[in-house]
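Student: Structure supplied as model13.tsv; contents: TSV, C-alpha atoms.
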```tsv
chain	number	residue	atom	x	y	z
A	501	MET	CA	0.00	0.00	0.00
A	502	ALA	CA	1.29	3.41	-0.83
A	503	ARG	CA	2.62	5.55	1.95
A	504	PRO	CA	-0.16	8.21	1.87
A	505	ARG	CA	-2.78	5.48	2.03
A	506	ALA	CA	-0.97	3.91	4.99
A	507	ARG	CA	-1.04	7.23	6.81
A	508	ILE	CA	-4.77	7.59	6.13
A	509	LEU	CA	-5.38	4.10	7.50
A	510	ASP	CA	-3.19	4.79	10.55
A	511	ARG	CA	-5.10	7.98	11.34
A	512	TYR	CA	-8.43	6.24	10.89
A	513	LEU	CA	-7.60	3.31	13.18
A	514	PHE	CA	-5.87	5.58	15.71
A	515	ARG	CA	-8.89	7.90	15.87
A	516	GLU	CA	-11.40	5.07	16.13
A	517	THR	CA	-9.49	3.41	18.98
A	518	LEU	CA	-8.75	6.69	20.80
A	519	GLU	CA	-12.38	7.85	20.73
A	520	THR	CA	-13.60	4.48	21.99
A	521	TRP	CA	-10.90	4.44	24.69
A	522	ALA	CA	-11.93	7.92	25.89
A	523	GLY	CA	-15.57	6.85	26.15
A	524	VAL	CA	-14.86	3.55	27.92
A	525	THR	CA	-12.36	5.11	30.33
A	526	GLY	CA	-14.73	7.96	31.13
A	527	VAL	CA	-17.57	5.56	31.94
A	528	LEU	CA	-15.36	3.35	34.13
A	529	LEU	CA	-13.99	6.40	35.95
A	530	LEU	CA	-17.48	7.76	36.63
A	531	ILE	CA	-18.60	4.39	38.04
A	532	LEU	CA	-15.61	4.17	40.40
A	533	LEU	CA	-15.92	7.80	41.48
A	534	ALA	CA	-19.64	7.40	42.17
A	535	SER	CA	-18.89	4.43	44.41
A	536	ARG	CA	-16.11	6.30	46.22
A	537	PHE	CA	-18.31	9.41	46.55
A	538	ALA	CA	-21.01	7.36	48.27
A	539	PHE	CA	-18.36	5.94	50.63
A	540	TYR	CA	-17.09	9.41	51.57
A	541	LEU	CA	-20.63	10.71	52.01
A	542	GLY	CA	-21.32	7.85	54.42
A	543	ASP	CA	-18.27	8.83	56.48
A	544	ALA	CA	-19.33	12.47	56.44
A	545	ALA	CA	-22.89	11.60	57.52
A	546	ALA	CA	-21.52	9.47	60.38
A	547	GLY	CA	-19.36	12.37	61.57
A	548	ARG	CA	-16.06	10.61	60.81
A	549	LEU	CA	-15.18	13.07	58.06
A	550	PRO	CA	-15.97	16.77	57.56
A	551	GLY	CA	-17.95	17.56	54.45
A	552	SER	CA	-15.27	19.98	53.23
A	553	ALA	CA	-12.81	17.10	52.69
A	554	VAL	CA	-15.08	14.93	50.53
A	555	PHE	CA	-14.34	16.53	47.17
A	556	THR	CA	-10.63	16.92	47.94
A	557	LEU	CA	-10.31	13.20	48.62
A	558	LEU	CA	-12.46	12.42	45.58
A	559	GLY	CA	-10.20	14.46	43.33
A	560	LEU	CA	-7.05	12.80	44.65
A	561	SER	CA	-8.55	9.35	44.10
A	562	VAL	CA	-8.86	10.09	40.36
A	563	VAL	CA	-5.09	9.56	39.91
A	564	THR	CA	-5.20	6.18	41.62
A	565	TYR	CA	-8.16	5.05	39.57
A	566	LEU	CA	-6.61	6.20	36.30
A	567	THR	CA	-3.62	3.88	36.76
A	568	LEU	CA	-6.09	1.00	37.08
A	569	ILE	CA	-8.60	1.78	34.36
A	570	ILE	CA	-6.37	3.15	31.57
A	571	PRO	CA	-5.01	-0.34	30.67
A	572	LEU	CA	-8.46	-1.90	31.01
A	573	GLY	CA	-10.01	0.93	28.99
A	574	LEU	CA	-7.46	0.39	26.21
A	575	PHE	CA	-8.15	-3.35	26.21
A	576	LEU	CA	-11.91	-2.89	25.92
A	577	ALA	CA	-11.55	-0.01	23.44
A	578	VAL	CA	-9.53	-2.11	20.98
A	579	MET	CA	-12.01	-4.95	21.37
A	580	LEU	CA	-14.96	-2.64	20.65
A	581	ALA	CA	-13.34	-0.58	17.88
A	582	PHE	CA	-11.93	-3.50	15.91
A	583	GLY	CA	-15.00	-5.58	16.70
A	584	ARG	CA	-17.05	-2.94	14.90
A	585	LEU	CA	-14.71	-3.16	11.90
A	586	TYR	CA	-15.27	-6.92	11.73
A	587	ARG	CA	-19.03	-6.55	12.21
A	588	ASP	CA	-19.39	-3.96	9.44
A	589	SER	CA	-17.11	-5.98	7.14
A	590	GLU	CA	-14.63	-3.09	6.99
A	591	MET	CA	-11.87	-5.41	8.12
A	592	ALA	CA	-12.64	-7.80	5.27
A	593	ALA	CA	-12.34	-4.91	2.82
A	594	LEU	CA	-9.04	-3.83	4.37
A	595	MET	CA	-7.64	-7.34	4.19
A	596	ALA	CA	-8.71	-7.58	0.54
A	597	CYS	CA	-6.67	-4.43	-0.13
A	598	GLY	CA	-3.58	-6.03	1.36
A	599	VAL	CA	-3.74	-4.63	4.92
A	600	GLY	CA	-1.92	-7.02	7.23
A	601	ILE	CA	-1.25	-7.53	10.92
A	602	ARG	CA	1.64	-5.07	10.91
A	603	ASP	CA	-0.56	-2.34	9.42
A	604	LEU	CA	-3.16	-2.92	12.13
A	605	TYR	CA	-0.66	-2.99	14.99
A	606	ARG	CA	1.18	0.15	13.89
A	607	PRO	CA	-1.44	2.75	15.01
A	608	LEU	CA	-2.52	0.52	17.86
A	609	LEU	CA	0.96	0.30	19.38
A	610	ARG	CA	1.45	4.04	18.94
A	611	LEU	CA	-1.60	4.67	21.09
A	612	ALA	CA	-0.54	1.98	23.56
A	613	GLY	CA	2.95	3.48	23.77
A	614	LEU	CA	1.53	6.94	24.42
A	615	LEU	CA	-0.76	5.63	27.17
A	616	ALA	CA	2.10	3.54	28.64
A	617	ALA	CA	4.22	6.71	28.92
A	618	VAL	CA	1.36	8.49	30.68
A	619	LEU	CA	0.89	5.52	32.99
A	620	LEU	CA	4.60	5.46	33.81
A	621	VAL	CA	4.50	9.11	34.89
A	622	LEU	CA	1.32	8.55	36.89
A	623	ALA	CA	2.55	5.39	38.60
A	624	LEU	CA	6.10	6.54	39.37
A	625	PHE	CA	5.56	10.18	40.30
A	626	VAL	CA	2.00	11.52	40.37
A	627	GLY	CA	0.38	8.45	41.95
A	628	PRO	CA	2.61	8.29	45.08
A	629	TRP	CA	2.18	12.04	45.61
A	630	ALA	CA	-1.61	11.74	45.33
A	631	ALA	CA	-1.68	8.71	47.66
A	632	GLU	CA	0.43	10.50	50.28
A	633	LYS	CA	-1.63	13.68	49.97
A	634	SER	CA	-4.87	11.70	50.28
A	635	PHE	CA	-3.53	9.95	53.39
A	636	LEU	CA	-2.61	13.26	55.04
A	637	VAL	CA	-5.88	14.95	54.09
A	638	ARG	CA	-7.83	11.98	55.43
A	639	LYS	CA	-5.95	11.94	58.74
A	640	HIS	CA	-6.29	15.70	59.25
A	641	ALA	CA	-9.96	15.57	58.25
A	642	GLU	CA	-10.66	12.76	60.71
A	643	HIS	CA	-8.87	14.72	63.42
A	644	GLU	CA	-10.87	17.84	62.56
A	645	ALA	CA	-14.11	15.87	62.77
A	646	GLU	CA	-13.07	14.45	66.15
A	647	VAL	CA	-12.10	17.86	67.53
A	648	ALA	CA	-15.56	19.16	66.68
A	649	VAL	CA	-17.03	16.85	69.31
A	650	PHE	CA	-20.44	18.53	69.49
A	651	GLU	CA	-23.15	18.73	66.88
A	652	SER	CA	-26.72	19.59	67.72
A	653	GLY	CA	-28.77	16.50	68.50
A	654	ARG	CA	-26.08	13.97	67.56
A	655	PHE	CA	-24.00	11.55	69.62
A	656	LYS	CA	-20.32	11.62	68.68
A	657	SER	CA	-17.62	9.29	69.92
A	658	THR	CA	-13.84	9.50	69.80
A	659	ARG	CA	-11.83	7.21	67.51
A	660	ASP	CA	-10.77	4.94	70.37
A	661	GLY	CA	-14.29	4.80	71.82
A	662	SER	CA	-13.18	6.18	75.18
A	663	ALA	CA	-15.68	9.06	75.19
A	664	VAL	CA	-19.12	9.91	73.89
A	665	TYR	CA	-20.46	13.48	73.67
A	666	TYR	CA	-23.95	14.83	73.11
A	667	ALA	CA	-25.63	18.22	73.27
A	668	GLU	CA	-29.24	18.93	72.44
A	669	ARG	CA	-28.36	22.33	71.00
A	670	VAL	CA	-25.02	23.87	70.00
A	671	ASP	CA	-24.48	27.55	69.26
A	672	GLN	CA	-21.68	27.55	66.69
A	673	LYS	CA	-20.87	31.23	67.33
A	674	THR	CA	-20.63	31.30	71.12
A	675	LEU	CA	-19.95	27.52	71.52
A	676	ALA	CA	-22.68	27.42	74.17
A	677	LEU	CA	-24.28	24.03	74.87
A	678	ASP	CA	-27.71	23.01	76.19
A	679	ASN	CA	-28.58	19.68	77.88
A	680	VAL	CA	-25.16	18.08	77.71
A	681	PHE	CA	-24.36	14.38	78.08
A	682	VAL	CA	-20.80	13.04	78.40
A	683	GLN	CA	-19.65	9.47	78.93
A	684	ARG	CA	-15.95	8.76	79.55
A	685	ILE	CA	-14.22	5.43	80.03
A	686	ASP	CA	-11.01	5.26	82.08
A	687	ARG	CA	-8.89	2.12	82.30
A	688	VAL	CA	-8.33	0.81	85.84
A	689	PRO	CA	-5.06	-1.16	85.91
A	690	VAL	CA	-3.97	-3.48	88.69
A	691	LYS	CA	-0.31	-3.19	89.64
A	692	GLY	CA	1.88	-5.69	91.41
A	693	PRO	CA	4.27	-5.07	94.30
A	694	ASP	CA	6.96	-3.84	91.92
A	695	GLY	CA	4.60	-1.29	90.42
A	696	VAL	CA	4.25	-3.14	87.10
A	697	GLU	CA	0.77	-3.55	85.71
A	698	THR	CA	-0.23	-7.18	85.95
A	699	LYS	CA	-3.81	-7.29	84.69
A	700	GLN	CA	-6.80	-5.16	83.82
A	701	LEU	CA	-9.47	-4.86	86.46
A	702	GLY	CA	-12.06	-3.21	84.28
A	703	ASP	CA	-13.31	0.10	82.95
A	704	ARG	CA	-14.27	2.98	85.21
A	705	VAL	CA	-17.17	4.75	83.57
A	706	SER	CA	-18.09	8.35	84.24
A	707	VAL	CA	-21.43	9.69	83.06
A	708	ILE	CA	-22.01	13.43	83.27
A	709	THR	CA	-25.24	15.28	82.61
A	710	ALA	CA	-25.54	19.05	82.73
A	711	ARG	CA	-28.16	21.66	81.98
A	712	SER	CA	-25.75	23.86	80.05
A	713	GLY	CA	-22.09	24.34	79.26
A	714	ARG	CA	-19.52	25.91	76.96
A	715	GLN	CA	-16.36	24.91	75.16
A	716	GLU	CA	-13.05	26.62	75.96
A	717	THR	CA	-9.53	26.41	74.59
A	718	ASP	CA	-6.44	27.30	76.61
A	719	PRO	CA	-4.53	29.80	74.44
A	720	GLY	CA	-1.20	28.76	75.96
A	721	THR	CA	-1.35	24.99	75.72
A	722	GLY	CA	-4.16	24.53	73.20
A	723	THR	CA	-5.96	22.19	75.62
A	724	ARG	CA	-9.69	22.02	75.04
A	725	ARG	CA	-12.16	21.56	77.88
A	726	LEU	CA	-15.83	21.70	78.73
A	727	VAL	CA	-17.15	23.90	81.47
A	728	LEU	CA	-20.46	22.37	82.55
A	729	ARG	CA	-23.05	23.93	84.87
A	730	ASP	CA	-25.89	22.53	86.98
A	731	GLY	CA	-25.36	18.81	86.58
A	732	ARG	CA	-24.40	15.47	88.05
A	733	ARG	CA	-21.49	13.09	87.63
A	734	TYR	CA	-21.89	9.31	88.11
A	735	THR	CA	-18.67	7.29	88.44
A	736	GLY	CA	-18.20	3.56	88.91
A	737	VAL	CA	-17.01	0.24	87.52
A	738	PRO	CA	-19.66	-1.75	85.63
A	739	GLY	CA	-20.64	-4.86	87.58
A	740	GLU	CA	-19.80	-3.41	91.00
A	741	ALA	CA	-22.40	-2.17	93.45
A	742	THR	CA	-20.48	0.87	94.63
A	743	PHE	CA	-20.46	4.07	92.62
A	744	SER	CA	-20.30	7.76	93.38
A	745	VAL	CA	-22.70	10.57	92.55
A	746	ILE	CA	-21.56	14.18	92.59
A	747	GLU	CA	-23.80	17.18	92.06
A	748	PHE	CA	-22.05	20.30	90.84
A	749	ALA	CA	-22.75	23.90	90.04
A	750	GLU	CA	-19.76	24.08	87.70
A	751	HIS	CA	-17.47	21.31	86.52
A	752	GLY	CA	-14.58	21.24	84.05
A	753	VAL	CA	-13.87	18.27	81.75
A	754	VAL	CA	-10.73	18.06	79.62
A	755	ILE	CA	-11.39	16.92	76.05
A	756	ASP	CA	-8.61	14.48	75.18
A	757	VAL	CA	-8.12	14.33	71.42
A	758	ALA	CA	-4.94	12.59	70.27
A	759	ASP	CA	-2.89	14.16	67.50
A	760	PRO	CA	-3.37	12.45	64.13
A	761	ASN	CA	-0.94	9.65	63.37
A	762	LEU	CA	0.75	10.79	60.16
A	763	VAL	CA	3.22	7.90	59.95
A	764	SER	CA	2.47	4.93	57.70
A	765	ASP	CA	4.56	2.02	56.44
A	766	ASP	CA	2.37	1.59	53.36
A	767	ARG	CA	4.70	1.43	50.34
A	768	LYS	CA	2.05	2.99	48.12
A	769	LEU	CA	2.71	6.31	49.88
A	770	ARG	CA	6.47	6.25	49.29
A	771	ARG	CA	8.11	8.26	46.56
A	772	THR	CA	9.88	6.25	43.87
A	773	ALA	CA	13.26	7.66	44.88
A	774	GLU	CA	12.68	6.51	48.47
A	775	LEU	CA	11.82	2.98	47.34
A	776	ILE	CA	15.01	2.78	45.28
A	777	ALA	CA	17.09	4.13	48.17
A	778	GLU	CA	15.70	1.68	50.73
A	779	GLY	CA	15.78	-1.30	48.38
A	780	GLY	CA	13.94	-3.81	50.57
A	781	PRO	CA	11.81	-6.69	49.22
A	782	LYS	CA	8.59	-4.75	49.75
A	783	ASP	CA	10.13	-1.69	48.10
A	784	TRP	CA	11.13	-3.65	44.99
A	785	ALA	CA	7.71	-5.31	44.88
A	786	GLU	CA	6.07	-1.87	44.83
A	787	LEU	CA	8.51	-0.62	42.16
A	788	ASN	CA	7.82	-3.62	39.96
A	789	TRP	CA	4.10	-3.02	40.36
A	790	ARG	CA	4.37	0.62	39.28
A	791	ILE	CA	6.43	-0.23	36.22
A	792	GLY	CA	4.19	-3.19	35.46
A	793	VAL	CA	1.15	-0.93	35.14
A	794	ALA	CA	2.69	0.68	32.04
A	795	ILE	CA	3.84	-2.64	30.61
A	796	SER	CA	0.36	-4.09	31.00
A	797	ALA	CA	-1.00	-1.47	28.59
A	798	LEU	CA	1.33	-2.76	25.87
A	799	VAL	CA	0.46	-6.38	26.63
A	800	PHE	CA	-3.27	-5.62	26.51
A	801	ALA	CA	-2.78	-3.97	23.11
A	802	LEU	CA	-1.09	-7.12	21.84
A	803	LEU	CA	-3.84	-9.32	23.22
A	804	ALA	CA	-6.82	-7.25	22.14
A	805	LEU	CA	-6.23	-7.41	18.39
A	806	PRO	CA	-6.47	-11.21	17.95
A	807	LEU	CA	-9.25	-11.39	20.55
A	808	SER	CA	-11.34	-8.83	18.66
A	809	ARG	CA	-11.45	-10.98	15.53
A	810	ALA	CA	-15.00	-12.14	14.98
A	811	ASN	CA	-17.46	-13.07	12.28
A	812	PRO	CA	-19.86	-10.31	11.17
A	813	ARG	CA	-22.80	-12.27	12.57
A	814	GLU	CA	-21.30	-12.46	16.08
A	815	GLY	CA	-21.77	-8.76	16.81
A	816	ARG	CA	-19.60	-6.13	18.39
A	817	PHE	CA	-19.73	-7.48	21.95
A	818	ALA	CA	-19.26	-11.16	21.14
A	819	ARG	CA	-15.77	-11.51	22.59
A	820	LEU	CA	-16.05	-9.11	25.54
A	821	PHE	CA	-16.80	-11.83	28.08
A	822	ALA	CA	-13.63	-13.73	27.18
A	823	ALA	CA	-11.66	-10.47	27.24
A	824	ILE	CA	-12.90	-9.51	30.72
A	825	LEU	CA	-12.18	-13.02	31.98
A	826	LEU	CA	-8.66	-12.80	30.61
A	827	TRP	CA	-8.18	-9.38	32.27
A	828	ILE	CA	-9.29	-10.83	35.62
A	829	ILE	CA	-6.81	-13.71	35.32
A	830	TYR	CA	-4.03	-11.32	34.28
A	831	SER	CA	-4.69	-8.93	37.18
A	832	ASN	CA	-4.89	-11.71	39.76
A	833	LEU	CA	-1.67	-13.32	38.55
A	834	LEU	CA	0.08	-9.95	38.85
A	835	GLY	CA	-1.21	-9.68	42.41
A	836	VAL	CA	0.01	-13.17	43.29
A	837	VAL	CA	3.49	-12.58	41.87
A	838	ARG	CA	3.66	-9.24	43.67
A	839	LEU	CA	2.88	-11.04	46.93
A	840	TRP	CA	5.68	-13.54	46.21
A	841	LEU	CA	8.07	-10.66	45.64
A	842	ASP	CA	6.93	-9.08	48.87
A	843	ARG	CA	7.61	-12.33	50.78
A	844	GLU	CA	10.93	-12.93	48.98
A	845	VAL	CA	9.68	-16.11	47.30
A	846	LEU	CA	10.96	-14.64	44.03
A	847	ALA	CA	14.08	-12.56	43.49
A	848	PRO	CA	13.49	-8.81	42.89
A	849	ALA	CA	15.19	-9.10	39.48
A	850	VAL	CA	12.45	-11.50	38.31
A	851	GLY	CA	9.78	-8.90	38.98
A	852	LEU	CA	6.43	-9.26	37.27
A	853	TRP	CA	8.01	-10.18	33.94
A	854	PRO	CA	6.88	-13.85	33.97
A	855	VAL	CA	3.22	-12.75	33.92
A	856	HIS	CA	3.76	-10.11	31.23
A	857	LEU	CA	5.72	-12.52	29.02
A	858	LEU	CA	3.13	-15.27	29.55
A	859	PHE	CA	0.29	-13.14	28.23
A	860	ALA	CA	2.42	-11.72	25.44
A	861	ALA	CA	3.04	-15.35	24.44
A	862	VAL	CA	-0.72	-15.95	24.55
A	863	ALA	CA	-1.18	-13.03	22.12
A	864	ILE	CA	1.43	-14.47	19.75
A	865	ALA	CA	-0.16	-17.92	19.99
A	866	LEU	CA	-3.54	-16.47	19.03
A	867	LEU	CA	-2.02	-14.64	16.07
A	868	VAL	CA	-0.28	-17.82	14.90
A	869	ARG	CA	-3.47	-19.79	15.22
A	870	GLN	CA	-5.40	-17.26	13.16
A	871	ASN	CA	-2.76	-16.58	10.47
A	872	GLY	CA	-0.20	-19.38	10.54
A	873	TRP	CA	3.52	-19.06	11.26
A	874	ARG	CA	4.62	-18.32	7.71
A	875	THR	CA	1.93	-15.77	6.91
A	876	LEU	CA	2.45	-14.00	10.25
A	877	PHE	CA	6.24	-13.91	9.83
A	878	ASP	CA	6.04	-12.62	6.25
A	879	ASP	CA	3.48	-10.00	7.28
A	880	LEU	CA	5.52	-8.69	10.21
A	881	ALA	CA	8.68	-8.72	8.10
A	882	GLY	CA	6.97	-6.75	5.33
A	883	LYS	CA	7.26	-9.57	2.78
A	884	ARG	CA	3.57	-10.12	2.31
A	885	LEU	CA	2.40	-9.72	-1.31
A	886	ARG	CA	-0.20	-7.02	-1.68
A	887	PRO	CA	-2.77	-6.94	-4.46
A	888	ALA	CA	-2.61	-4.09	-6.89
A	889	VAL	CA	-5.19	-1.39	-6.29
A	890	ALA	CA	-6.67	0.45	-9.25
A	891	ARG	CA	-5.87	4.13	-9.30
```
Do you think you could lay out the structure here as structure tokens?

Tutor:
Amino acid sequence: MARPRARILDRYLFRETLETWAGVTGVLLLILLASRFAFYLGDAAAGRLPGSAVFTLLGLSVVTYLTLIIPLGLFLAVMLAFGRLYRDSEMAALMACGVGIRDLYRPLLRLAGLLAAVLLVLALFVGPWAAEKSFLVRKHAEHEAEVAVFESGRFKSTRDGSAVYYAERVDQKTLALDNVFVQRIDRVPVKGPDGVETKQLGDRVSVITARSGRQETDPGTGTRRLVLRDGRRYTGVPGEATFSVIEFAEHGVVIDVADPNLVSDDRKLRRTAELIAEGGPKDWAELNWRIGVAISALVFALLALPLSRANPREGRFARLFAAILLWIIYSNLLGVVRLWLDREVLAPAVGLWPVHLLFAAVAIALLVRQNGWRTLFDDLAGKRLRPAVAR
């Protein structure tokens, strides 16, 4: 085929695949974001997360989801785009004009290479930054939600469950409270003669009710406390008959809120440079996973073309079930090999290459089965005879 005609064909196939990929990836992204949005809304409704952090976390999760759905979107896009060509008999017309496997793979691998480069940047640099940022935003948001211990008409508990707070009405401007209820749990250890704790006797529970109160913050230390008025305090150990009751005109209660724990050993939050510097088994497993995301896009491009081949009567979606099943097997095998790398069952140099090479071999086997060794070799080598096309 003449060079100008090859360029026209390349642009046509590239555009068809790219448009389908954009549509499929957009739909998959919307589905995942809708699910995550519902999850964040549930946390916000339960008081575990302030509403202001929902959209920030949702935006940061886009990067993580893109590294997952770009390869899958490319796989399904090639299946759908080329499946349409087979269904409308366009592929038969192209083959009759001498278009071979190399001509079909050329625009396809250009798109796959472009997406693989994008995936490599996302997985190695943008993804770890977004994961770390999301972790920090989540921790600070949870701490902010815990610090705001009072909301009108709602029970709120601390993360460790050691305290429960309730106020019938809260004035957000003056921080005044009406009809306050507080329950606090204090551990009661039993110590031996040497002063070392030997066992746990139980939990000492304090229940405080007050007609009104206010929240205060010490400007020097930043300690937050409640100043309650006209109430009672009940203190005792559940299961014991003795307990104390104290009536008070004014009573102060310190609000203990631990600082957020911003330290995590999750390798997904580490920068790529840090993983290379540390060089442990888990670090290399994470590095192989990040690089493998980009490689999987190329492997899916190789697989999708022979899988999309279908008879016109089979329809556009005839092979999608087999494709999705193959994607599930591929993804699970990558996860298993990553776990072996993490546990040092495999050497770091092996990486995820066995899985990638296995499915690349499956793609080659499918091409050989459909075209034969000789025809496939001549086609890829450019030796295939092409019929003359009338000018």

Student: Using only C-alpha atoms, determine which residues lie at most 8 Å from segment 576-582 of chain A, disregarding the query and same-chain residues fewer than 2 positions distant; provide the list as an MDAnalysis selection string.

Tutor: chainID A and resid 516:518 520:521 524 572:574 584:586 801 804:805 807:809 816:817 819:820 823

Student: Give me the residues within 7 Å of segment 847-857 of chain A as a VMD selection string, counting all atoms listed in the file and dropping any in the same chain fewer than 6 places off.

Tutor: chain A and resid 781 784 788 792 796 799 833 to 834 837 to 838 841

Student: In Å to one decimal, how far is atom CA of Val745 of chain A from atom CA of Arg732 of chain A?

Tutor: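 Atom-to-atom, atom CA of Arg732 of chain A to atom CA of Val745 of chain A, that is 6.9 Å.
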
Student: Please return, as an MDAnalysis selection string, all polymer residues that have at least one atom within 10 Å of the point (-9.8, 4.1, 36.0); use all atoms listed in the file and the file's own coordinate frame.

Tutor: chainID A and resid 524:533 561:573

Student: When distances are computed from all atoms listed in the file, which of A:Leu509, A:Ala797, A:Ile828, A:Ala863 shows the smallest separation from Leu609 of chain A?

Tutor: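 Looking only at the distances to Leu609 of chain A, the closest residue turns out to be A:Ala797.
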
Student: So that I can see what lies close to Pro806 of chain A, please list as a compact mmCIF listing (two decimals) with C-alpha atoms, in the coordinates of the input the residues with an atom at most 8 Å from it, counting all atoms listed in the file and leaving out residues fewer than 6 positions away in the same chain.

Tutor:
```
# COMPACT_ATOMS: atom_id res chain seq x y z
CA ALA A 863 -1.18 -13.03 22.12
CA LEU A 866 -3.54 -16.47 19.03
CA LEU A 867 -2.02 -14.64 16.07
CA GLN A 870 -5.40 -17.26 13.16
```
